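Raw contents of target.txt, compact mmCIF, C-alpha atoms and all ligand atoms:
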# COMPACT_ATOMS: atom_id res chain seq x y z
CA MET A 28 -8.78 -25.41 7.75
CA LYS A 29 -11.74 -23.91 9.59
CA THR A 30 -11.38 -21.66 12.63
CA ARG A 31 -13.58 -18.95 14.11
CA ILE A 32 -11.53 -16.48 12.06
CA THR A 33 -12.12 -18.19 8.69
CA GLU A 34 -15.83 -18.23 9.57
CA LEU A 35 -15.86 -14.61 10.75
CA PHE A 36 -14.13 -13.24 7.64
CA GLY A 37 -15.50 -15.77 5.14
CA ILE A 38 -12.04 -16.84 3.97
CA GLU A 39 -10.51 -20.19 3.04
CA TYR A 40 -7.22 -20.08 4.99
CA PRO A 41 -6.56 -18.41 8.37
CA ILE A 42 -3.79 -16.21 6.98
CA ILE A 43 -4.06 -12.42 7.19
CA GLN A 44 -1.67 -10.11 5.37
CA GLY A 45 -0.69 -7.21 7.63
CA GLY A 46 -1.93 -3.76 6.58
CA MET A 47 1.50 -2.24 6.02
CA ALA A 48 2.09 1.47 5.45
CA TRP A 49 3.19 2.15 1.82
CA VAL A 50 3.71 -1.58 1.21
CA ALA A 51 0.17 -2.98 1.41
CA ASP A 52 -1.66 -1.39 -1.49
CA TYR A 53 -4.56 -2.87 -3.41
CA HIS A 54 -2.36 -5.12 -5.58
CA LEU A 55 -1.06 -7.03 -2.55
CA ALA A 56 -4.37 -7.05 -0.68
CA ALA A 57 -6.30 -8.40 -3.67
CA ALA A 58 -3.65 -11.03 -4.42
CA VAL A 59 -3.71 -12.36 -0.85
CA SER A 60 -7.52 -12.45 -0.82
CA ASN A 61 -7.54 -14.22 -4.19
CA ALA A 62 -5.10 -16.76 -2.70
CA GLY A 63 -7.66 -17.60 0.00
CA GLY A 64 -6.31 -15.45 2.85
CA LEU A 65 -7.42 -11.98 3.91
CA GLY A 66 -5.63 -9.09 2.24
CA LEU A 67 -5.51 -5.70 3.97
CA ILE A 68 -4.94 -2.28 2.46
CA GLY A 69 -2.70 -0.23 4.76
CA ALA A 70 -4.33 3.20 5.07
CA ALA A 71 -1.50 4.50 7.31
CA SER A 72 -1.56 8.31 7.03
CA ALA A 73 -3.10 8.46 3.55
CA PRO A 74 -5.93 10.94 2.86
CA GLY A 75 -9.46 9.59 2.46
CA ASP A 76 -9.66 9.92 -1.33
CA VAL A 77 -6.47 7.87 -1.73
CA VAL A 78 -7.89 5.11 0.49
CA ARG A 79 -11.22 5.20 -1.38
CA THR A 80 -9.40 4.72 -4.69
CA GLN A 81 -7.38 1.86 -3.21
CA ILE A 82 -10.56 0.11 -2.07
CA ARG A 83 -12.22 0.54 -5.47
CA GLU A 84 -9.14 -0.76 -7.30
CA ALA A 85 -8.99 -3.81 -5.01
CA LYS A 86 -12.63 -4.56 -5.82
CA LYS A 87 -11.74 -4.65 -9.53
CA LEU A 88 -9.13 -7.34 -8.82
CA THR A 89 -11.02 -9.56 -6.39
CA ASP A 90 -14.54 -10.48 -5.41
CA LYS A 91 -13.25 -12.05 -2.19
CA PRO A 92 -13.39 -10.25 1.18
CA PHE A 93 -10.54 -7.89 2.00
CA GLY A 94 -9.97 -5.31 4.72
CA VAL A 95 -8.39 -1.97 5.57
CA ASN A 96 -5.91 -1.22 8.36
CA ILE A 97 -6.55 2.18 9.93
CA MET A 98 -3.88 3.95 11.95
CA LEU A 99 -5.98 5.83 14.49
CA LEU A 100 -3.29 8.50 14.94
CA SER A 101 -3.56 9.48 11.28
CA PRO A 102 -4.95 12.98 10.71
CA TYR A 103 -7.35 11.31 8.24
CA ALA A 104 -8.52 8.52 10.58
CA GLU A 105 -12.02 10.00 11.01
CA GLU A 106 -12.48 10.43 7.26
CA VAL A 107 -11.22 6.91 6.51
CA ALA A 108 -13.44 5.48 9.26
CA HIS A 109 -16.48 6.70 7.29
CA ILE A 110 -15.10 5.71 3.89
CA VAL A 111 -14.77 2.04 4.88
CA VAL A 112 -18.48 2.09 5.71
CA GLU A 113 -19.46 3.86 2.46
CA GLU A 114 -17.37 1.44 0.40
CA GLY A 115 -18.69 -1.71 2.08
CA VAL A 116 -15.36 -2.95 3.43
CA LYS A 117 -15.75 -6.23 5.35
CA VAL A 118 -12.93 -6.07 7.91
CA VAL A 119 -11.13 -3.21 9.64
CA THR A 120 -7.98 -3.68 11.68
CA THR A 121 -6.82 -0.78 13.81
CA GLY A 122 -3.53 0.34 15.29
CA ALA A 123 -2.20 3.15 17.46
CA GLY A 124 -5.20 3.83 19.66
CA ASN A 125 -8.69 2.88 20.74
CA PRO A 126 -11.30 2.46 17.98
CA GLY A 127 -14.12 2.73 20.56
CA LYS A 128 -15.72 5.84 19.08
CA TYR A 129 -16.20 4.18 15.65
CA MET A 130 -17.38 0.84 16.98
CA GLU A 131 -21.12 1.51 16.82
CA MET A 132 -20.96 2.83 13.27
CA TRP A 133 -18.79 -0.05 12.05
CA LYS A 134 -20.92 -2.68 13.78
CA ALA A 135 -24.08 -1.23 12.28
CA ALA A 136 -22.42 -1.56 8.85
CA GLY A 137 -21.57 -5.21 9.52
CA ILE A 138 -17.82 -4.53 9.59
CA LYS A 139 -15.69 -6.94 11.60
CA VAL A 140 -13.43 -4.89 13.86
CA VAL A 141 -10.01 -6.25 14.77
CA PRO A 142 -7.63 -4.09 16.83
CA VAL A 143 -3.93 -4.89 16.93
CA VAL A 144 -2.71 -5.25 20.52
CA ALA A 145 0.63 -5.79 22.22
CA SER A 146 -0.62 -6.52 25.75
CA VAL A 147 -3.25 -8.51 27.64
CA ALA A 148 -4.71 -5.33 29.17
CA LEU A 149 -5.35 -3.77 25.76
CA ALA A 150 -6.81 -7.03 24.42
CA LYS A 151 -9.32 -7.11 27.28
CA MET A 152 -10.18 -3.46 26.78
CA MET A 153 -10.80 -4.04 23.05
CA GLU A 154 -13.00 -7.07 23.74
CA LYS A 155 -15.06 -4.97 26.14
CA ALA A 156 -15.36 -2.23 23.50
CA GLY A 157 -16.91 -4.77 21.13
CA ALA A 158 -14.01 -6.04 18.98
CA ASP A 159 -14.74 -9.21 16.98
CA ALA A 160 -11.16 -10.49 17.32
CA VAL A 161 -7.71 -9.14 18.16
CA VAL A 162 -4.32 -9.40 16.53
CA ALA A 163 -1.77 -10.15 19.28
CA GLU A 164 1.45 -8.78 17.84
CA GLY A 165 4.80 -9.73 19.31
CA THR A 166 7.96 -7.66 19.36
CA GLU A 167 9.54 -9.78 16.60
CA SER A 168 7.33 -7.95 14.08
CA GLY A 169 8.41 -5.41 11.54
CA GLY A 170 7.22 -1.82 12.05
CA HIS A 171 5.83 -0.35 15.31
CA ILE A 172 6.24 -2.85 18.13
CA GLY A 173 5.43 -3.60 21.75
CA SER A 174 7.73 -5.40 24.17
CA ALA A 175 6.28 -8.91 24.67
CA THR A 176 7.33 -11.71 22.35
CA THR A 177 4.81 -13.58 20.22
CA MET A 178 5.55 -16.78 22.14
CA THR A 179 4.62 -15.20 25.48
CA LEU A 180 1.92 -12.75 24.36
CA VAL A 181 -0.34 -15.02 22.30
CA PRO A 182 -1.20 -17.67 24.94
CA GLN A 183 -1.73 -14.99 27.60
CA VAL A 184 -4.11 -13.05 25.35
CA VAL A 185 -5.86 -16.30 24.37
CA ASP A 186 -6.48 -17.04 28.07
CA ALA A 187 -7.67 -13.51 28.79
CA VAL A 188 -10.34 -13.04 26.11
CA GLU A 189 -13.23 -15.03 24.63
CA ILE A 190 -12.93 -13.58 21.12
CA PRO A 191 -10.60 -15.26 18.62
CA VAL A 192 -6.94 -14.26 18.57
CA ILE A 193 -4.75 -13.77 15.50
CA ALA A 194 -1.02 -14.21 16.16
CA ALA A 195 1.47 -11.83 14.53
CA GLY A 196 5.21 -11.35 14.69
CA GLY A 197 7.88 -13.72 13.48
CA ILE A 198 5.63 -16.00 11.46
CA ALA A 199 6.67 -16.73 7.89
CA ASP A 200 6.24 -20.45 7.20
CA GLY A 201 4.19 -23.50 8.14
CA ARG A 202 6.22 -24.08 11.29
CA GLY A 203 5.45 -20.61 12.58
CA PHE A 204 1.82 -21.05 11.59
CA ALA A 205 1.53 -24.40 13.41
CA ALA A 206 3.28 -22.99 16.49
CA ALA A 207 0.82 -20.09 16.60
CA MET A 208 -2.10 -22.52 16.45
CA MET A 209 -0.57 -24.52 19.32
CA LEU A 210 -0.47 -21.29 21.35
CA GLY A 211 -4.21 -20.99 20.84
CA ALA A 212 -4.34 -18.55 17.92
CA GLU A 213 -7.02 -19.09 15.27
CA ALA A 214 -5.16 -17.32 12.46
CA VAL A 215 -1.84 -15.64 11.77
CA GLN A 216 -1.03 -12.18 10.48
CA ILE A 217 2.07 -12.01 8.32
CA GLY A 218 3.89 -8.85 7.27
CA THR A 219 7.55 -9.27 6.38
CA ARG A 220 7.12 -12.30 4.11
CA PHE A 221 4.44 -10.55 2.07
CA CYS A 222 6.79 -7.60 1.50
CA VAL A 223 8.69 -9.82 -0.94
CA ALA A 224 5.60 -11.19 -2.69
CA ALA A 225 5.62 -10.86 -6.47
CA GLU A 226 2.44 -8.77 -6.35
CA CYS A 227 3.87 -6.41 -3.71
CA ILE A 228 4.82 -2.95 -4.99
CA CYS A 229 7.88 -2.75 -2.73
CA HIS A 230 10.96 -1.64 -4.65
CA GLU A 231 13.27 -4.48 -5.72
CA ASN A 232 16.01 -3.08 -3.43
CA TYR A 233 13.65 -3.42 -0.44
CA LYS A 234 12.79 -7.00 -1.35
CA GLN A 235 16.47 -7.86 -1.80
CA LYS A 236 17.35 -6.28 1.56
CA ILE A 237 14.85 -8.65 3.23
CA ILE A 238 15.93 -11.65 1.18
CA LYS A 239 19.62 -11.06 2.05
CA ALA A 240 18.95 -10.32 5.74
CA LYS A 241 20.30 -12.66 8.39
CA ASP A 242 18.66 -13.59 11.70
CA ILE A 243 20.20 -10.72 13.68
CA ASP A 244 19.99 -7.97 11.08
CA SER A 245 17.02 -6.10 12.53
CA GLU A 246 17.30 -3.24 14.95
CA VAL A 247 14.84 -1.25 17.06
CA THR A 248 14.91 2.52 16.79
CA GLY A 249 12.85 4.93 18.89
CA ARG A 250 12.96 3.17 22.23
CA SER A 251 14.05 6.44 23.87
CA ASN A 252 10.96 8.34 22.74
CA GLY A 253 8.36 5.62 23.25
CA HIS A 254 7.87 4.89 19.52
CA PRO A 255 9.90 1.74 18.94
CA ILE A 256 10.12 0.59 15.33
CA ARG A 257 11.78 -2.59 14.07
CA CYS A 258 13.71 -2.19 10.84
CA LEU A 259 16.71 -3.69 9.08
CA ARG A 260 20.09 -2.24 9.98
CA ASN A 261 21.42 0.39 7.56
CA GLN A 262 22.93 3.86 7.52
CA MET A 263 19.61 5.37 8.64
CA SER A 264 19.14 3.06 11.63
CA ARG A 265 22.78 3.54 12.70
CA GLU A 266 22.43 7.33 12.50
CA TYR A 267 19.12 7.21 14.41
CA LEU A 268 20.56 5.06 17.18
CA ARG A 269 23.65 7.27 17.42
CA LEU A 270 21.46 10.36 17.86
CA GLU A 271 19.30 8.57 20.43
CA LYS A 272 22.41 7.63 22.41
CA GLU A 273 23.48 11.27 22.35
CA GLY A 274 20.11 12.22 23.80
CA ALA A 275 18.52 13.78 20.72
CA GLY A 276 14.96 15.01 21.20
CA PHE A 277 11.84 13.66 19.51
CA GLU A 278 11.70 16.48 16.95
CA GLU A 279 15.25 15.99 15.76
CA LEU A 280 14.66 12.26 15.39
CA GLU A 281 11.37 12.90 13.59
CA ARG A 282 13.12 15.18 11.11
CA LEU A 283 15.54 12.39 10.29
CA THR A 284 12.80 9.91 9.49
CA VAL A 285 10.19 12.06 7.77
CA GLY A 286 9.25 10.26 4.53
CA SER A 287 11.93 7.63 5.16
CA LEU A 288 9.68 4.55 4.82
CA ARG A 289 8.39 5.84 1.50
CA ASN A 290 11.98 6.50 0.36
CA ALA A 291 12.86 2.87 0.97
CA VAL A 292 9.63 1.20 -0.21
CA ILE A 293 8.89 3.31 -3.29
CA ASP A 294 12.24 4.86 -4.32
CA GLY A 295 14.38 1.92 -3.24
CA ASP A 296 16.77 3.94 -1.05
CA VAL A 297 17.54 1.17 1.40
CA LYS A 298 20.60 3.00 2.79
CA ASN A 299 19.04 6.26 3.93
CA GLY A 300 15.42 5.10 4.09
CA THR A 301 13.72 3.04 6.81
CA VAL A 302 13.47 -0.64 5.88
CA MET A 303 10.78 -1.85 8.27
CA ALA A 304 10.92 -5.64 8.58
CA GLY A 305 10.75 -8.27 11.30
CA GLN A 306 13.27 -10.64 12.86
CA ILE A 307 11.97 -13.43 10.62
CA ALA A 308 13.50 -11.71 7.55
CA GLY A 309 16.44 -14.13 7.88
CA LEU A 310 14.13 -17.02 7.00
CA ILE A 311 12.82 -15.44 3.81
CA LYS A 312 14.84 -16.51 0.80
CA LYS A 313 12.93 -15.65 -2.35
CA GLU A 314 10.17 -13.74 -4.05
CA GLN A 315 7.03 -15.81 -4.67
CA SER A 316 3.46 -15.11 -5.65
CA CYS A 317 0.92 -14.69 -2.84
CA LYS A 318 -0.73 -17.92 -3.97
CA GLU A 319 2.57 -19.80 -3.64
CA ILE A 320 3.27 -18.26 -0.23
CA VAL A 321 -0.18 -19.06 1.17
CA GLU A 322 -0.28 -22.59 -0.25
CA GLU A 323 3.27 -23.40 0.90
CA ILE A 324 2.51 -22.26 4.46
CA MET A 325 -0.76 -24.19 4.61
CA GLU A 326 0.74 -27.36 3.13
CA GLN A 327 3.66 -27.36 5.58
CA ALA A 328 1.42 -26.52 8.54
CA GLU A 329 -1.14 -29.20 7.74
CA LYS A 330 1.59 -31.86 7.55
CA LEU A 331 2.99 -30.76 10.91
CA MET A 332 -0.36 -30.51 12.62
CA HIS A 333 -1.57 -33.93 11.51
CA CYS A 334 1.47 -35.87 12.64
C1 LIG B 401 6.94 -2.44 6.24
C2 LIG B 401 5.94 -2.67 7.32
C3 LIG B 401 4.95 -1.71 7.55
C4 LIG B 401 3.97 -1.93 8.52
N1 LIG B 401 2.98 -1.01 8.69
C5 LIG B 401 1.94 -1.26 9.53
C6 LIG B 401 0.84 -0.38 9.62
O1 LIG B 401 0.78 0.65 8.93
N2 LIG B 401 -0.19 -0.72 10.48
C7 LIG B 401 -0.17 -1.87 11.22
O2 LIG B 401 -1.11 -2.13 11.98
N3 LIG B 401 0.88 -2.73 11.15
C8 LIG B 401 1.92 -2.45 10.32
N4 LIG B 401 2.96 -3.35 10.23
C9 LIG B 401 2.89 -4.63 10.99
C10 LIG B 401 2.24 -5.74 10.14
O3 LIG B 401 0.92 -5.43 9.84
C11 LIG B 401 2.29 -7.13 10.82
O4 LIG B 401 1.51 -7.16 11.97
C12 LIG B 401 3.72 -7.53 11.17
O5 LIG B 401 4.58 -7.26 10.09
C13 LIG B 401 3.77 -9.01 11.52
O6 LIG B 401 5.05 -9.43 11.86
P1 LIG B 401 6.14 -10.00 10.79
O7 LIG B 401 6.71 -8.77 10.13
O8 LIG B 401 7.12 -10.70 11.65
O9 LIG B 401 5.40 -10.89 9.83
C14 LIG B 401 3.98 -3.13 9.29
C15 LIG B 401 4.99 -4.08 9.06
C16 LIG B 401 5.96 -3.87 8.09
C17 LIG B 401 7.00 -4.93 7.85

Rewrite the structure of this file - the entire thing - as structure tokens.
Ligand SMILES: Cc1cc2nc3c(=O)[nH]c(=O)nc-3n(C[C@H](O)[C@H](O)[C@H](O)COP(=O)(O)O)c2cc1C
Amino acid sequence: MKTRITELFGIEYPIIQGGMAWVADYHLAAAVSNAGGLGLIGAASAPGDVVRTQIREAKKLTDKPFGVNIMLLSPYAEEVAHIVVEEGVKVVTTGAGNPGKYMEMWKAAGIKVVPVVASVALAKMMEKAGADAVVAEGTESGGHIGSATTMTLVPQVVDAVEIPVIAAGGIADGRGFAAAMMLGAEAVQIGTRFCVAAECICHENYKQKIIKAKDIDSEVTGRSNGHPIRCLRNQMSREYLRLEKEGAGFEELERLTVGSLRNAVIDGDVKNGTVMAGQIAGLIKKEQSCKEIVEEIMEQAEKLMHC
């Protein structure tokens, strides 16, 4: 299936794996790229040398294009912005801010720049700043979220910009993929389903929490302080929401969640850690290799789209 995104990134299938903090390391990114999609290393708040090592390890596992997701609020964002150039990374996706100040440098290096947006206004601003594409991410997604749903956001962004749009949020199978294409997207970005991929380093407890989740098992914490995060309900989310209701300040809430995603992803503490995952977790029933996931989605989507 050819779209402007497959052409832009030089990939076989228009499936991007979200650059997820702690979850998306080089194993997952390389496996998705080897499966014909685009794998992303999630740089999150990692120091530059860690990201450089991740990129080099990914290159040992794949000769296909892969990318890096840079959280612009990270204290290491500037450092990582230069490292992706030095290491010859092909695609950079950005979150939590405006990548404008790096645009010239990245463009000169031939890097495709793809900001993640949750509104039409931001999509237009990113296009103006020189973005090659945008990820329009709906509130169904796991992790940090905006307020518009994928169903409403994607077609509005598609109408507002000329650059290709990648749909994210609530997509986990061929039906979701086909629906996104009908909304005008030219690729999908998937996070939650790749958390349970065989090649993903997520702790088994984290994968099982997603696999056992039902449709209404996700919750949004942080609405009161302007940092909404979608995660699966557990002791941590209940405690967080209780404190929010009682009017706890940002610092108190921050203290509760410091290191909590790592605790869940790496140590497997899915009670007291933060289990970021999207509403589509209820649809995900088993662990599969990235190749199986990508091929299953494409096969189902192609059948649907040709009938
Ligand atoms: C555990 C987890 C961590 C995430 N971390 C990041 C991140 O660091 N940067 C980012 O841009 N998106 C992050 N996301 C969002 C994903 O990249 C992707 O856009 C989203 O998961 C898509 O929605 P879905 O979960 O419904 O598939 C994260 C998502 C999850 C589930």

Legend entry - Residues within 8 Å of range 166-182 of chain A, all atoms listed in the file, excluding chain neighbours under 3 positions, as a list in words: Ala145, Ser146, Val147, Ala163, Val185, Asp186, Val192, Ala194, Ala195, Gly196, Gly197, Ala207, Leu210, Gly211, Ala212, Gly218, Thr219, His254, Pro255, Ile256, Arg257, Cys258, Met303, Ala304, Gly305, Gln306 and Ile307 of chain A

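Relative to CA of Pro74 in chain A, CA of Phe277 in chain A is found at 24.5 Å.
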
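Going from CA of Lys134 in chain A over to atom C5 of ligand LIG 401 (chain B), you cover 23.3 Å.
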
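Residue nearest ligand LIG 401 (chain B), chosen from A:Ala275, A:Val144, A:Met152, A:Cys317 and counting all atoms listed in the file: A:Val144.
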
Inset, instruction - Just the residues within 9 Å of Tyr53 in chain A, please, counting only C-alpha atoms, with nothing from its chain fewer than 2 positions along; format it as a PyMOL selection string. - result: chain A and resi 51+55-58+66-69+81-86+88

Inset, instruction - Quick one: everything within 7 Å of Lys117 in chain A, counting only C-alpha atoms, minus sequence neighbours fewer than 5 positions away in the same chain. Send it as number ranges by chain. - result: A: 92-94, 138-139

Inset, instruction - Just the residues within 10 Å of Tyr103 in chain A, please, counting all atoms listed in the file, with nothing from its chain fewer than 4 positions along; format it as a VMD selection string. - result: chain A and resid 70 to 76 78 97 to 99 107 to 108

Edge lengths and centre in Å to one decimal, as JSON, is what I'm after for the box along x, y and z that holds all listed atoms of ligand LIG 401 (chain B) once 5 Å is added on each side.
{"center_x": 3.0, "center_y": -5.1, "center_z": 9.1, "size_x": 18.2, "size_y": 21.5, "size_z": 15.7}

Inset, instruction - For each of A:Gly295, A:Gln44, A:Ser316, A:Tyr267, take the minimum atom-to-atom distance to Arg282 in chain A, counting all atoms listed in the file, then give the residue where this is smallest. - result: A:Tyr267

Legend entry - Contacts of Val141 in chain A at 12 Å (all atoms listed in the file; same-chain gap of 5+ positions) as number ranges by chain: A: 32, 35-36, 43, 45-46, 67, 94-97, 117-122, 125-127, 130, 133-134, 150, 153-154, 156-163, 190-193, 216

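The space between atom C9 of ligand LIG 401 (chain B) and CA of Ala135 in chain A spans 27.2 Å.
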